[in-house]
>>> print(open('coords-v6.cif').read())   # mmCIF, C-alpha atoms
data_work
#
loop_
_atom_site.label_atom_id
_atom_site.label_comp_id
_atom_site.auth_asym_id
_atom_site.auth_seq_id
_atom_site.Cartn_x
_atom_site.Cartn_y
_atom_site.Cartn_z
CA MET K 36 -13.34 -37.02 19.22
CA GLU K 37 -11.26 -38.46 22.05
CA THR K 38 -10.12 -42.10 21.93
CA ASN K 39 -7.99 -44.15 24.24
CA VAL K 40 -4.80 -45.97 23.37
CA VAL K 41 -6.35 -49.47 23.40
CA ASP K 42 -9.07 -48.42 20.92
CA GLU K 43 -6.43 -47.00 18.58
CA ARG K 44 -4.44 -50.24 18.72
CA ARG K 45 -7.58 -52.32 18.10
CA GLN K 46 -8.45 -50.19 15.06
CA PHE K 47 -4.86 -50.47 13.82
CA VAL K 48 -5.07 -54.29 13.93
CA ARG K 49 -8.46 -54.28 12.14
CA ASP K 50 -7.15 -52.02 9.39
CA PHE K 51 -4.16 -54.28 8.87
CA ALA K 52 -6.35 -57.41 8.82
CA SER K 53 -8.58 -55.87 6.16
CA GLY K 54 -5.70 -56.00 3.67
CA HIS K 55 -6.42 -52.54 2.24
CA TRP K 56 -3.23 -50.99 3.60
CA SER K 57 0.32 -52.14 3.97
CA MET K 58 2.14 -52.05 7.30
CA THR K 59 4.22 -49.07 6.16
CA GLU K 60 1.11 -47.05 5.21
CA LEU K 61 -0.66 -47.86 8.48
CA CYS K 62 2.37 -47.03 10.61
CA GLU K 63 2.72 -43.66 8.86
CA ARG K 64 -0.98 -42.99 9.34
CA TYR K 65 -0.99 -43.86 13.07
CA GLY K 66 2.38 -42.26 13.78
CA VAL K 67 4.21 -45.38 15.02
CA THR K 68 7.23 -47.28 13.82
CA ARG K 69 7.01 -50.56 11.88
CA PRO K 70 8.44 -52.68 14.75
CA THR K 71 5.73 -51.27 17.01
CA GLY K 72 3.05 -52.05 14.43
CA TYR K 73 4.23 -55.66 14.06
CA LYS K 74 4.40 -55.98 17.87
CA TRP K 75 0.72 -55.07 18.34
CA VAL K 76 -0.39 -57.33 15.50
CA ALA K 77 1.53 -60.26 17.06
CA ARG K 78 0.11 -59.58 20.52
CA HIS K 79 -3.45 -59.46 19.13
CA ARG K 80 -2.98 -62.79 17.37
CA ALA K 81 -1.65 -64.33 20.59
CA GLY K 82 -4.08 -62.89 23.12
CA GLY K 83 -6.91 -61.18 21.28
CA ASP K 84 -8.05 -57.73 22.44
CA GLY K 85 -6.57 -58.42 25.89
CA GLY K 86 -3.10 -58.53 24.38
CA LEU K 87 -3.41 -54.88 23.33
CA VAL K 88 -3.44 -53.65 26.94
CA ALA K 89 -0.14 -52.14 28.08
CA ARG K 90 1.91 -54.55 30.13
CA SER K 91 3.89 -53.73 33.27
CA ARG K 92 7.55 -52.98 32.65
CA ALA K 93 8.60 -53.98 36.14
CA PRO K 94 11.15 -56.83 36.21
CA HIS K 95 9.80 -60.24 37.10
CA THR K 96 12.58 -60.79 39.62
CA CYS K 97 14.83 -58.45 41.64
CA PRO K 98 17.88 -60.14 43.21
CA HIS K 99 18.51 -57.37 45.76
CA ARG K 100 14.89 -57.00 46.87
CA THR K 101 14.20 -57.38 50.59
CA GLY K 102 13.02 -60.88 51.33
CA GLY K 103 9.51 -61.60 52.47
CA GLU K 104 10.66 -63.00 55.83
CA VAL K 105 12.66 -59.88 56.63
CA GLU K 106 9.82 -57.65 55.53
CA ALA K 107 7.35 -59.51 57.74
CA LEU K 108 9.64 -59.25 60.77
CA VAL K 109 10.13 -55.51 60.25
CA VAL K 110 6.40 -54.83 59.86
CA ALA K 111 5.54 -56.91 62.93
CA ALA K 112 8.16 -55.19 65.09
CA ARG K 113 7.06 -51.77 63.91
CA ARG K 114 3.42 -52.47 64.73
CA GLN K 115 4.37 -53.91 68.12
CA TYR K 116 6.81 -51.26 69.33
CA GLY K 117 6.38 -48.28 67.00
CA TRP K 118 10.16 -47.71 66.84
CA GLY K 119 12.02 -46.04 64.02
CA ALA K 120 14.25 -47.71 61.45
CA LYS K 121 17.49 -47.20 63.40
CA LYS K 122 16.24 -48.89 66.56
CA LEU K 123 14.41 -51.61 64.65
CA LEU K 124 17.56 -52.59 62.79
CA LYS K 125 19.59 -52.77 65.99
CA VAL K 126 17.06 -55.00 67.76
CA LEU K 127 16.25 -57.26 64.79
CA ARG K 128 19.91 -57.85 63.95
CA THR K 129 20.44 -59.01 67.52
CA ARG K 130 17.42 -61.31 67.43
CA HIS K 131 18.05 -62.74 63.96
CA PRO K 132 21.80 -62.55 63.22
CA ALA K 133 21.60 -65.12 60.41
CA LEU K 134 19.41 -62.90 58.20
CA ALA K 135 20.75 -60.25 55.84
CA TRP K 136 19.27 -56.95 56.95
CA PRO K 137 18.83 -53.94 54.63
CA THR K 138 20.10 -50.44 55.24
CA ARG K 139 18.25 -47.80 57.22
CA SER K 140 17.00 -46.02 54.09
CA THR K 141 15.64 -49.28 52.66
CA LEU K 142 13.88 -49.97 55.93
CA ASN K 143 12.26 -46.53 55.83
CA ALA K 144 11.08 -47.19 52.26
CA LEU K 145 9.63 -50.52 53.40
CA LEU K 146 7.75 -48.88 56.26
CA GLU K 147 6.45 -46.17 53.94
CA ARG K 148 5.20 -48.83 51.49
CA HIS K 149 3.16 -50.35 54.33
CA HIS K 150 1.94 -46.90 55.44
CA LEU K 151 3.74 -47.24 58.77
CA LEU K 152 6.03 -44.23 58.46
CA ARG K 153 4.95 -40.96 60.05
CA LYS K 154 6.49 -38.02 58.25
CA ASN K 155 6.95 -34.75 60.10
CA ARG K 156 5.24 -31.82 58.47
CA ARG K 157 7.71 -29.35 57.09
CA ARG K 158 7.70 -25.96 58.71
CA ARG K 159 6.55 -23.29 56.33
CA LYS K 160 9.45 -21.21 55.12
CA TRP K 161 9.40 -17.70 56.49
CA THR K 162 9.26 -14.96 53.86
CA HIS K 163 11.25 -11.81 54.47
CA PRO K 164 8.89 -8.83 54.86
CA GLY K 165 11.16 -6.52 52.85
CA ALA K 166 12.37 -3.06 53.75
CA THR K 167 9.90 -0.21 54.07
CA ALA K 168 10.40 3.07 52.26
CA LEU K 169 12.91 5.27 54.09
CA ASP K 170 11.48 8.78 54.41
CA THR K 171 12.02 10.84 57.56
CA GLN K 172 10.77 14.34 58.41
CA GLN K 173 12.33 14.87 61.84
CA PRO K 174 14.99 13.39 64.14
CA ASN K 175 14.38 10.17 66.06
CA GLN K 176 12.12 8.71 63.38
CA VAL K 177 14.50 6.07 62.01
CA TRP K 178 17.87 5.02 63.37
CA PRO K 179 20.03 2.93 61.03
CA ALA K 180 22.25 0.60 63.05
CA ASP K 181 24.88 -1.90 62.04
CA PHE K 182 28.21 -3.48 62.88
CA LYS K 183 31.15 -2.31 60.83
CA GLY K 184 33.21 -5.26 59.70
CA GLN K 185 35.43 -6.57 62.49
CA PHE K 186 39.17 -6.07 62.47
CA LYS K 187 42.10 -6.77 64.79
CA THR K 188 43.71 -4.11 66.91
CA GLY K 189 47.46 -3.96 67.48
CA ASP K 190 47.32 -6.39 70.42
CA GLY K 191 45.65 -9.07 68.27
CA HIS K 192 42.12 -8.77 69.68
CA TYR K 193 39.08 -8.37 67.45
CA CYS K 194 37.10 -5.14 67.48
CA TYR K 195 33.45 -5.03 66.39
CA PRO K 196 32.38 -1.38 65.89
CA LEU K 197 28.67 -0.86 66.66
CA THR K 198 27.33 2.26 64.94
CA VAL K 199 23.95 4.00 65.18
CA THR K 200 22.97 7.10 63.19
CA ASP K 201 19.89 9.26 62.90
CA HIS K 202 18.61 9.13 59.33
CA PHE K 203 17.11 12.62 59.26
CA SER K 204 19.97 14.58 60.83
CA ARG K 205 22.66 12.11 59.71
CA ALA K 206 24.23 12.46 63.15
CA LEU K 207 26.40 9.60 64.36
CA LEU K 208 24.80 8.75 67.70
CA VAL K 209 26.98 5.80 68.73
CA CYS K 210 30.31 4.40 67.62
CA ARG K 211 31.38 1.83 70.16
CA GLY K 212 34.04 -0.84 69.71
CA LEU K 213 32.86 -4.14 71.23
CA SER K 214 34.64 -7.42 71.72
CA SER K 215 31.80 -9.42 70.08
CA VAL K 216 28.28 -9.07 68.68
CA LYS K 217 26.61 -10.70 71.68
CA THR K 218 23.33 -9.23 72.87
CA THR K 219 24.70 -8.89 76.39
CA LEU K 220 27.19 -6.31 75.07
CA VAL K 221 24.90 -4.57 72.58
CA ARG K 222 21.88 -4.05 74.82
CA PRO K 223 23.65 -1.77 77.38
CA VAL K 224 24.83 0.47 74.52
CA PHE K 225 21.27 0.96 73.27
CA ARG K 226 19.96 1.40 76.80
CA ALA K 227 22.41 4.25 77.45
CA LEU K 228 21.56 5.81 74.07
CA PHE K 229 17.81 5.68 74.78
CA ARG K 230 18.34 7.43 78.10
CA GLU K 231 20.45 10.12 76.44
CA VAL K 232 18.39 11.05 73.38
CA GLY K 233 15.09 9.19 73.75
CA LEU K 234 13.39 6.37 71.90
CA PRO K 235 13.17 6.35 68.11
CA ASP K 236 10.10 5.36 66.13
CA ALA K 237 12.06 2.65 64.29
CA ILE K 238 15.50 1.06 64.10
CA ARG K 239 16.69 -0.12 60.69
CA THR K 240 19.23 -2.97 60.52
CA ASP K 241 20.33 -5.88 58.40
CA ASN K 242 19.46 -9.50 59.17
CA GLY K 243 22.63 -10.44 61.05
CA ALA K 244 23.14 -11.18 64.72
CA PRO K 245 22.19 -9.82 67.18
CA PHE K 246 19.59 -7.72 65.34
CA ALA K 247 17.81 -10.78 63.92
CA SER K 248 18.03 -14.55 64.00
CA THR K 249 17.19 -17.59 61.90
CA GLY K 250 14.27 -18.45 64.18
CA ILE K 251 10.58 -17.76 63.67
CA HIS K 252 10.13 -14.47 61.79
CA GLY K 253 13.75 -13.59 62.55
CA LEU K 254 13.00 -12.76 66.18
CA SER K 255 15.90 -12.28 68.59
CA SER K 256 16.11 -11.16 72.20
CA LEU K 257 17.33 -7.73 71.08
CA ASN K 258 14.58 -6.90 68.58
CA VAL K 259 11.94 -8.34 70.93
CA TRP K 260 13.19 -5.88 73.57
CA TRP K 261 12.89 -3.06 71.04
CA MET K 262 9.32 -4.03 70.22
CA GLN K 263 8.47 -4.14 73.92
CA LEU K 264 9.61 -0.51 74.08
CA GLY K 265 7.34 0.36 71.17
CA ILE K 266 10.14 0.60 68.59
CA VAL K 267 9.50 -0.78 65.11
CA HIS K 268 12.29 -3.00 63.81
CA GLN K 269 12.88 -2.44 60.09
CA ARG K 270 14.95 -5.17 58.40
CA ILE K 271 16.43 -4.57 55.00
CA ALA K 272 16.29 -7.35 52.41
CA PRO K 273 19.09 -9.95 52.61
CA ALA K 274 22.27 -9.04 50.74
CA SER K 275 20.95 -5.52 50.04
CA PRO K 276 23.19 -3.02 51.87
CA GLN K 277 22.06 -0.31 49.44
CA GLN K 278 18.78 -0.17 51.36
CA ASN K 279 20.83 1.30 54.21
CA GLY K 280 23.08 3.25 51.89
CA GLN K 281 23.49 6.38 54.00
CA HIS K 282 24.76 4.33 56.93
CA GLU K 283 27.09 2.27 54.72
CA ARG K 284 28.54 5.51 53.30
CA MET K 285 29.41 6.57 56.83
CA HIS K 286 31.06 3.20 57.40
CA ARG K 287 33.42 3.84 54.51
CA GLU K 288 34.60 7.06 56.13
CA LEU K 289 34.84 5.36 59.52
CA LYS K 290 37.06 2.62 58.17
CA ARG K 291 39.28 5.01 56.24
CA GLU K 292 39.87 7.36 59.17
CA THR K 293 40.03 4.98 62.15
CA ALA K 294 41.02 1.48 61.05
CA ARG K 295 43.85 2.04 58.57
CA PRO K 296 45.90 1.28 60.56
CA ALA K 297 44.00 0.12 63.64
CA GLY K 298 44.76 1.27 67.17
CA GLY K 299 47.18 -0.59 69.39
CA THR K 300 44.55 -1.56 71.98
CA ALA K 301 40.78 -1.50 72.38
CA LYS K 302 40.98 1.72 74.42
CA ALA K 303 43.17 3.40 71.83
CA GLN K 304 40.77 2.33 69.10
CA GLN K 305 37.80 3.72 71.05
CA ARG K 306 39.57 7.07 71.34
CA ARG K 307 39.80 7.08 67.54
CA PHE K 308 36.09 6.32 67.28
CA ASN K 309 35.26 9.17 69.67
CA ALA K 310 37.40 11.63 67.70
CA PHE K 311 35.80 10.53 64.44
CA ARG K 312 32.31 10.98 65.91
CA ARG K 313 33.14 14.54 66.95
CA ARG K 314 34.51 15.39 63.51
CA TYR K 315 31.62 13.67 61.74
CA ASN K 316 28.93 15.43 63.76
CA ASP K 317 30.44 18.89 64.39
CA GLU K 318 32.83 19.66 61.55
CA ARG K 319 31.67 17.90 58.40
CA PRO K 320 28.55 19.20 56.56
CA GLN K 321 26.08 16.34 56.86
CA THR K 322 22.63 17.89 56.42
CA ARG K 323 20.61 17.62 53.24
CA GLY K 324 21.68 19.98 50.53
CA LEU K 325 25.30 19.96 51.82
CA ALA K 326 24.67 22.83 54.20
CA THR K 327 27.71 24.06 56.09
CA ALA K 328 25.93 24.04 59.45
CA PRO K 329 26.43 20.99 61.70
CA PRO K 330 23.52 18.57 61.88
CA PRO K 331 20.77 19.27 64.41
CA ARG K 332 21.02 17.41 67.66
CA CYS K 333 18.39 14.75 68.09
CA GLY K 334 16.97 14.38 71.51
CA CYS K 335 13.65 14.09 73.24
CA PRO K 336 12.52 12.64 76.56
CA PRO K 337 11.80 8.92 76.40
CA PRO K 338 8.10 8.42 75.58
CA ALA K 339 7.95 5.14 77.48
CA PRO K 340 9.87 3.55 80.35
CA MET K 341 12.57 1.12 79.28
CA LEU K 342 12.33 -2.53 80.32
#
>>> encode(input="coords-v6.cif", output="structure tokens")
Amino acid sequence: METNVVDERRQFVRDFASGHWSMTELCERYGVTRPTGYKWVARHRAGGDGGLVARSRAPHTCPHRTGGEVEALVVAARRQYGWGAKKLLKVLRTRHPALAWPTRSTLNALLERHHLLRKNRRRRKWTHPGATALDTQQPNQVWPADFKGQFKTGDGHYCYPLTVTDHFSRALLVCRGLSSVKTTLVRPVFRALFREVGLPDAIRTDNGAPFASTGIHGLSSLNVWWMQLGIVHQRIAPASPQQNGQHERMHRELKRETARPAGGTAKAQQRRFNAFRRRYNDERPQTRGLATAPPPRCGCPPPAPML
């Protein structure tokens, strides 16, 4: 049987008044301490059953509480102008310099207490879709793409190697050293690649710029352009380079053979990239099963005009 707290206290006082049990026995039976038992008996004697109701624990006075005059002025100004706390404080301090005005956060709490504060609805956090299973049966199905970590050339300028491979043939389609990761530099590289070997079914990248952004659903001008061409953009999970492991393995070879040490200039570094691409595609066995034949060339006419 369910009982409320007041009924239990009332029964406790009645049992004690009957004289059949001592305070120690009753406190052990009801699961309270002796000071608590004596407190409820004293409150019942002073106020009857009404004294058994729980009292508010709020302090009777609060020395740093906002005064009633200030609160009334803030509420009136808010209802008249609809301004926020920052502007209200600036105006009210000018009008009433003799009053002690609270901080901005206190003013916001005051407006919220009077239901005068409009809170902006939080935008729902976007959930990463996750990487799809990587299984290709022919060239131009999935192209992994990424930027190899930037490094400085001999003249002190940064080089950002953009690499694109074909997952099925493992051919290195592009290895271009750029001066930054801006879309204006990346888009012409992909445009030339599309014209040379055709459009892939999907391009698989990480979540960094310029492939994705922190905006709605990670959209960027580059991946929107891909989708306009009918290319699916596959994004691996954040901090999961193993989901693009084949491409990352190529990056290790690229760094070892071309960037240690780096070229003296950007042109010299690009010549190293071109030589590495020839060796990687034509000399090293890259096909599945470690066959000794070079990887098949991927190429097909573009299925759709490029925008």
>>> residues_around(input="coords-v6.cif", residues="His99 in chain K", least_positions_apart="6", cutoff="12 Å", atoms="only C-alpha atoms", output="mmCIF file with C-alpha atoms, keeping the file's coordinate frame")
data_model
loop_
_atom_site.group_PDB
_atom_site.id
_atom_site.type_symbol
_atom_site.label_atom_id
_atom_site.label_comp_id
_atom_site.auth_asym_id
_atom_site.auth_seq_id
_atom_site.Cartn_x
_atom_site.Cartn_y
_atom_site.Cartn_z
ATOM 1 C CA ALA K 135 20.750 -60.250 55.840
ATOM 2 C CA TRP K 136 19.270 -56.950 56.950
ATOM 3 C CA PRO K 137 18.830 -53.940 54.630
ATOM 4 C CA THR K 138 20.100 -50.440 55.240
ATOM 5 C CA THR K 141 15.640 -49.280 52.660
#
>>> resolve_selection(input="coords-v6.cif", expression="the PyMOL selection byres ((chain K and resi 121) around 10)", output="PyMOL selection string")
chain K and resi 118-120+122-126+138-140+142-143
>>> residues_near_point(input="coords-v6.cif", point="(4.5, -47.5, 59.8)", cutoff="9 Å", atoms="only C-alpha atoms", output="list of chain:residue names")
K:Val110, K:Arg113, K:Arg114, K:Gly117, K:Gly119, K:Asn143, K:Leu145, K:Leu146, K:Glu147, K:Arg148, K:His149, K:His150, K:Leu151, K:Leu152, K:Arg153
>>> resolve_selection(input="coords-v6.cif", expression="the PyMOL selection byres ((chain K and resi 165) around 8)", output="list in words")
His163, Pro164, Ala166, Thr167, Arg270, Ile271 and Ala272 of chain K
>>> atom_distance(input="coords-v6.cif", atom1="CA of Asn175 in chain K", atom2="CA of Val232 in chain K")
8.4 Å
>>> residues_around(input="coords-v6.cif", residues="Gly253 in chain K", least_positions_apart="2", cutoff="10 Å", atoms="only C-alpha atoms", output="PyMOL selection string")
chain K and resi 161-163+242-244+246-251+255+258+270
>>> resolve_selection(input="coords-v6.cif", expression="the PyMOL selection byres ((chain K and resi 290-294) around 10)", output="list in words")
Lys183, Gly184, Gln185, Phe186, Lys187, Thr188, Pro196, Met285, His286, Arg287, Glu288, Leu289, Arg295, Pro296, Ala297, Gly298, Gln304, Gln305, Arg306, Arg307, Phe308, Asn309, Ala310 and Phe311 of chain K
>>> residues_near_point(input="coords-v6.cif", point="(12.7, 7.9, 58.2)", cutoff="12 Å", atoms="only C-alpha atoms", output="list in words")
Ala166, Thr167, Ala168, Leu169, Asp170, Thr171, Gln172, Gln173, Pro174, Asn175, Gln176, Val177, Trp178, Pro179, Thr200, Asp201, His202, Phe203, Ser204, Arg205, Pro235, Asp236, Ala237, Ile238, Arg239, Val267, Gln269, Asn279 and Gln281 of chain K
>>> atom_distance(input="coords-v6.cif", atom1="CA of Arg100 in chain K", atom2="CA of Asn155 in chain K")
27.1 Å
>>> atom_distance(input="coords-v6.cif", atom1="CA of Val221 in chain K", atom2="CA of His252 in chain K")
20.8 Å
>>> residues_around(input="coords-v6.cif", residues="Leu197 in chain K", least_positions_apart="3", cutoff="9 Å", atoms="all atoms listed in the file", output="ChimeraX atom specification")
/K:180-183,209-213,216,221,224
>>> decode(input="coords-v6.cif", residues="range 144-232 of chain K", atoms="C-alpha atoms", output="compact mmCIF listing (two decimals), in the first residue's frame")
# COMPACT_ATOMS: atom_id res chain seq x y z
CA ALA K 144 17.61 35.17 -15.65
CA LEU K 145 15.18 37.89 -14.57
CA LEU K 146 13.61 38.05 -18.03
CA GLU K 147 13.33 34.26 -18.15
CA ARG K 148 11.59 34.26 -14.74
CA HIS K 149 8.97 36.62 -16.18
CA HIS K 150 8.69 34.53 -19.38
CA LEU K 151 10.03 37.41 -21.47
CA LEU K 152 13.10 35.67 -22.88
CA ARG K 153 12.86 34.06 -26.30
CA LYS K 154 15.32 31.22 -26.62
CA ASN K 155 16.53 30.19 -30.05
CA ARG K 156 15.87 26.58 -30.90
CA ARG K 157 19.05 24.60 -31.12
CA ARG K 158 19.86 23.21 -34.52
CA ARG K 159 19.73 19.45 -34.55
CA LYS K 160 23.19 17.97 -34.61
CA TRP K 161 24.03 16.33 -37.89
CA THR K 162 24.89 12.64 -37.65
CA HIS K 163 27.64 11.32 -39.89
CA PRO K 164 26.20 8.79 -42.37
CA GLY K 165 29.19 6.46 -42.05
CA ALA K 166 31.26 4.89 -44.79
CA THR K 167 29.69 2.39 -47.15
CA ALA K 168 31.24 -0.99 -47.81
CA LEU K 169 34.12 -0.71 -50.29
CA ASP K 170 33.72 -3.40 -52.95
CA THR K 171 34.55 -2.70 -56.59
CA GLN K 172 34.28 -5.00 -59.63
CA GLN K 173 35.63 -2.74 -62.38
CA PRO K 174 37.55 0.52 -62.86
CA ASN K 175 35.89 3.89 -62.34
CA GLN K 176 33.55 2.60 -59.65
CA VAL K 177 35.18 4.25 -56.63
CA TRP K 178 37.99 6.79 -56.59
CA PRO K 179 39.65 7.37 -53.21
CA ALA K 180 40.94 10.93 -52.99
CA ASP K 181 42.83 12.79 -50.31
CA PHE K 182 45.48 15.36 -49.53
CA LYS K 183 48.80 14.00 -48.36
CA GLY K 184 50.03 15.94 -45.36
CA GLN K 185 51.53 19.27 -46.38
CA PHE K 186 55.25 19.92 -46.23
CA LYS K 187 57.65 22.70 -47.18
CA THR K 188 59.77 22.60 -50.30
CA GLY K 189 63.34 23.88 -50.37
CA ASP K 190 62.26 27.46 -51.07
CA GLY K 191 60.09 27.55 -47.93
CA HIS K 192 56.69 27.29 -49.63
CA TYR K 193 54.09 24.75 -48.56
CA CYS K 194 53.11 21.92 -50.89
CA TYR K 195 49.75 20.14 -50.57
CA PRO K 196 49.81 16.93 -52.65
CA LEU K 197 46.35 16.04 -54.02
CA THR K 198 46.10 12.34 -54.86
CA VAL K 199 43.35 10.34 -56.57
CA THR K 200 43.46 6.57 -57.15
CA ASP K 201 41.16 4.00 -58.69
CA HIS K 202 40.21 1.45 -56.05
CA PHE K 203 39.77 -1.50 -58.40
CA SER K 204 42.93 -1.12 -60.49
CA ARG K 205 44.89 0.66 -57.74
CA ALA K 206 46.20 3.04 -60.39
CA LEU K 207 47.35 6.46 -59.22
CA LEU K 208 45.30 8.79 -61.41
CA VAL K 209 46.45 12.15 -60.04
CA CYS K 210 49.33 13.34 -57.90
CA ARG K 211 49.40 17.11 -58.06
CA GLY K 212 51.22 19.45 -55.70
CA LEU K 213 49.03 22.46 -54.89
CA SER K 214 49.75 25.61 -52.95
CA SER K 215 46.61 25.22 -50.77
CA VAL K 216 43.47 23.11 -50.37
CA LYS K 217 41.15 25.76 -51.81
CA THR K 218 38.34 24.58 -54.05
CA THR K 219 39.44 26.97 -56.78
CA LEU K 220 42.67 24.96 -57.11
CA VAL K 221 41.18 21.49 -56.62
CA ARG K 222 38.26 21.73 -59.02
CA PRO K 223 40.37 22.24 -62.20
CA VAL K 224 42.39 19.11 -61.31
CA PHE K 225 39.24 16.99 -61.11
CA ARG K 226 37.81 18.60 -64.24
CA ALA K 227 40.90 17.63 -66.25
CA LEU K 228 40.82 14.12 -64.78
CA PHE K 229 37.14 13.65 -65.69
CA ARG K 230 37.87 14.68 -69.27
CA GLU K 231 40.78 12.26 -69.46
CA VAL K 232 39.34 9.07 -67.98
